[in-house]
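Structure file structure.pdb (PDB, C-alpha atoms) follows.
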```
MODEL        1
ATOM      1  CA  MET Y   1       2.053 -44.922  12.991
ATOM      2  CA  SER Y   2       1.023 -42.769  10.057
ATOM      3  CA  LYS Y   3       0.394 -39.072  10.312
ATOM      4  CA  LYS Y   4      -3.228 -37.895  10.386
ATOM      5  CA  VAL Y   5      -4.298 -35.936   7.342
ATOM      6  CA  ASN Y   6      -6.767 -33.109   7.630
ATOM      7  CA  PRO Y   7      -9.771 -34.218   5.538
ATOM      8  CA  ARG Y   8     -10.575 -30.563   4.677
ATOM      9  CA  ARG Y   9      -7.099 -29.853   3.311
ATOM     10  CA  GLN Y  10      -7.076 -28.944  -0.352
ATOM     11  CA  PRO Y  11      -3.777 -28.632  -2.179
ATOM     12  CA  ALA Y  12      -3.185 -25.204  -3.696
ATOM     13  CA  SER Y  13      -1.853 -24.792  -7.203
ATOM     14  CA  LYS Y  14       0.664 -22.088  -8.114
ATOM     15  CA  ALA Y  15      -2.202 -20.212  -9.752
ATOM     16  CA  ASP Y  16      -4.215 -20.392  -6.512
ATOM     17  CA  VAL Y  17      -1.267 -19.036  -4.544
ATOM     18  CA  LYS Y  18      -0.701 -16.237  -7.079
ATOM     19  CA  ARG Y  19      -4.410 -15.319  -6.997
ATOM     20  CA  ALA Y  20      -4.337 -15.179  -3.193
ATOM     21  CA  GLU Y  21      -1.189 -13.055  -3.297
ATOM     22  CA  LEU Y  22      -2.757 -10.581  -5.732
ATOM     23  CA  ARG Y  23      -5.993 -10.469  -3.745
ATOM     24  CA  GLY Y  24      -4.038  -9.789  -0.544
ATOM     25  CA  ARG Y  25      -2.032  -7.044  -2.208
ATOM     26  CA  ASP Y  26      -5.149  -5.426  -3.651
ATOM     27  CA  ASP Y  27      -6.961  -5.638  -0.307
ATOM     28  CA  GLY Y  28      -3.963  -4.030   1.416
ATOM     29  CA  ILE Y  29      -3.855  -1.208  -1.113
ATOM     30  CA  LYS Y  30      -7.608  -0.582  -0.757
ATOM     31  CA  PHE Y  31      -7.277  -0.599   3.049
ATOM     32  CA  ALA Y  32      -4.354   1.844   3.116
ATOM     33  CA  SER Y  33      -5.960   4.069   0.473
ATOM     34  CA  ALA Y  34      -9.235   4.288   2.372
ATOM     35  CA  LEU Y  35      -7.417   5.217   5.597
ATOM     36  CA  PHE Y  36      -5.300   7.839   3.857
ATOM     37  CA  LEU Y  37      -8.165   9.434   1.925
ATOM     38  CA  MET Y  38     -10.555   9.322   4.894
ATOM     39  CA  ALA Y  39      -8.024  11.131   7.091
ATOM     40  CA  LEU Y  40      -7.687  13.856   4.454
ATOM     41  CA  ARG Y  41     -11.469  14.103   4.113
ATOM     42  CA  ASP Y  42     -12.348  13.943   7.798
ATOM     43  CA  LYS Y  43      -9.483  15.850   9.401
ATOM     44  CA  GLU Y  44      -8.432  18.244   6.646
ATOM     45  CA  GLY Y  45     -11.809  18.809   4.954
ATOM     46  CA  PHE Y  46     -10.718  17.688   1.483
ATOM     47  CA  ASP Y  47     -13.590  17.592  -1.009
ATOM     48  CA  LEU Y  48     -13.836  15.176  -3.938
ATOM     49  CA  GLU Y  49     -11.835  17.440  -6.242
ATOM     50  CA  ALA Y  50      -8.977  17.771  -3.736
ATOM     51  CA  LEU Y  51      -9.001  14.019  -3.038
ATOM     52  CA  GLN Y  52      -8.837  13.294  -6.773
ATOM     53  CA  LYS Y  53      -5.925  15.714  -7.150
ATOM     54  CA  VAL Y  54      -4.003  13.991  -4.341
ATOM     55  CA  TRP Y  55      -4.869  10.558  -5.769
ATOM     56  CA  LYS Y  56      -3.562  11.601  -9.203
ATOM     57  CA  GLU Y  57      -0.286  12.712  -7.617
ATOM     58  CA  VAL Y  58      -0.031   9.390  -5.761
ATOM     59  CA  GLY Y  59      -0.573   7.586  -9.061
ATOM     60  CA  ASP Y  60       2.079   9.723 -10.758
ATOM     61  CA  LEU Y  61       4.571   8.883  -7.994
ATOM     62  CA  ALA Y  62       3.748   5.180  -8.315
ATOM     63  CA  ASP Y  63       4.332   5.396 -12.073
ATOM     64  CA  SER Y  64       7.663   7.153 -11.502
ATOM     65  CA  ILE Y  65       8.760   4.353  -9.188
ATOM     66  CA  ALA Y  66       7.559   1.662 -11.600
ATOM     67  CA  GLU Y  67       9.455   3.307 -14.469
ATOM     68  CA  GLY Y  68      12.636   3.597 -12.403
ATOM     69  CA  TYR Y  69      12.777   7.391 -12.165
ATOM     70  CA  CYS Y  70      12.872   7.225  -8.371
ATOM     71  CA  SER Y  71      12.541   4.709  -5.550
ATOM     72  CA  ILE Y  72      10.668   4.413  -2.275
ATOM     73  CA  GLU Y  73      13.987   5.124  -0.551
ATOM     74  CA  ASP Y  74      14.217   8.388  -2.526
ATOM     75  CA  LEU Y  75      10.770   9.397  -1.269
ATOM     76  CA  HIS Y  76      11.782   8.572   2.320
ATOM     77  CA  THR Y  77      14.924  10.687   1.928
ATOM     78  CA  VAL Y  78      12.996  13.682   0.567
ATOM     79  CA  LEU Y  79      10.330  13.441   3.276
ATOM     80  CA  GLU Y  80      12.984  13.359   5.967
ATOM     81  CA  SER Y  81      15.173  16.139   4.545
ATOM     82  CA  GLU Y  82      12.380  18.517   3.489
ATOM     83  CA  ALA Y  83       9.669  17.879   6.085
ATOM     84  CA  GLY Y  84      11.569  16.230   8.924
ATOM     85  CA  ALA Y  85       9.246  13.229   8.599
ATOM     86  CA  LYS Y  86      10.969   9.888   9.082
ATOM     87  CA  ILE Y  87       8.860   6.807   8.385
ATOM     88  CA  VAL Y  88       9.504   4.276  11.151
ATOM     89  CA  GLY Y  89       8.327   0.684  10.933
ATOM     90  CA  GLY Y  90       6.248   1.444   7.864
ATOM     91  CA  ILE Y  91       3.379   3.017   9.780
ATOM     92  CA  ALA Y  92       4.664   5.723  12.109
ATOM     93  CA  LEU Y  93       6.287   9.097  11.601
ATOM     94  CA  GLU Y  94       9.100  10.184  13.853
TER      95      GLU Y  94
ENDMDL
END
```
What does the file become when written as structure tokens?
Amino acid sequence: MSKKVNPRRQPASKADVKRAELRGRDDGIKFASALFLMALRDKEGFDLEALQKVWKEVGDLADSIAEGYCSIEDLHTVLESEAGAKIVGGIALE
């Protein structure tokens, strides 16, 4: 007996998979950014100028990582040693 085939199934090309991957990454970045910036705005009272300053620093850190000057692990180490903040499971501070 032959296997049933879903009539709605459409094969995905490598380009389709790459597009979906990039879209997912971008959506994740937008989601995390909105949460982060909203917390600063809502709970800490940051205005647009302060949010832009923080966002520029985030961008500078991302560039430093991309250029190999530091790594995410380096940032984790500094946060833990200087602020006592240990990132656990990617979303919680200990």
For the atom pair CA of Leu75 (chain Y) and CA of Val58 (chain Y), what is the interatomic distance in Å to one decimal place?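 One can read the CA of Leu75 (chain Y) to CA of Val58 (chain Y) distance as 11.7 Å.
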CA of Thr77 (chain Y) and CA of Leu93 (chain Y), how far apart in Å?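 Interatomic distance here is 13.1 Å.
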Edge lengths and centre in Å to one decimal, as JSON, is what I'm after for the box along x, y and z that holds all listed atoms of region 45-56 of chain Y once 3 Å is added on each side.
```
{"center_x": -8.7, "center_y": 14.7, "center_z": -2.1, "size_x": 16.3, "size_y": 14.3, "size_z": 20.2}
```
So which residues get picked by the PyMOL selection byres ((chain Y and resi 51-57) around 12) here, written as a ChimeraX atom specification? /Y:33-34,36-42,44-50,58-64
So what do you get for CA of Glu94 (chain Y) versus CA of Val78 (chain Y), distance-wise?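 About the pair CA of Glu94 (chain Y) and CA of Val78 (chain Y): they are 14.3 Å apart.
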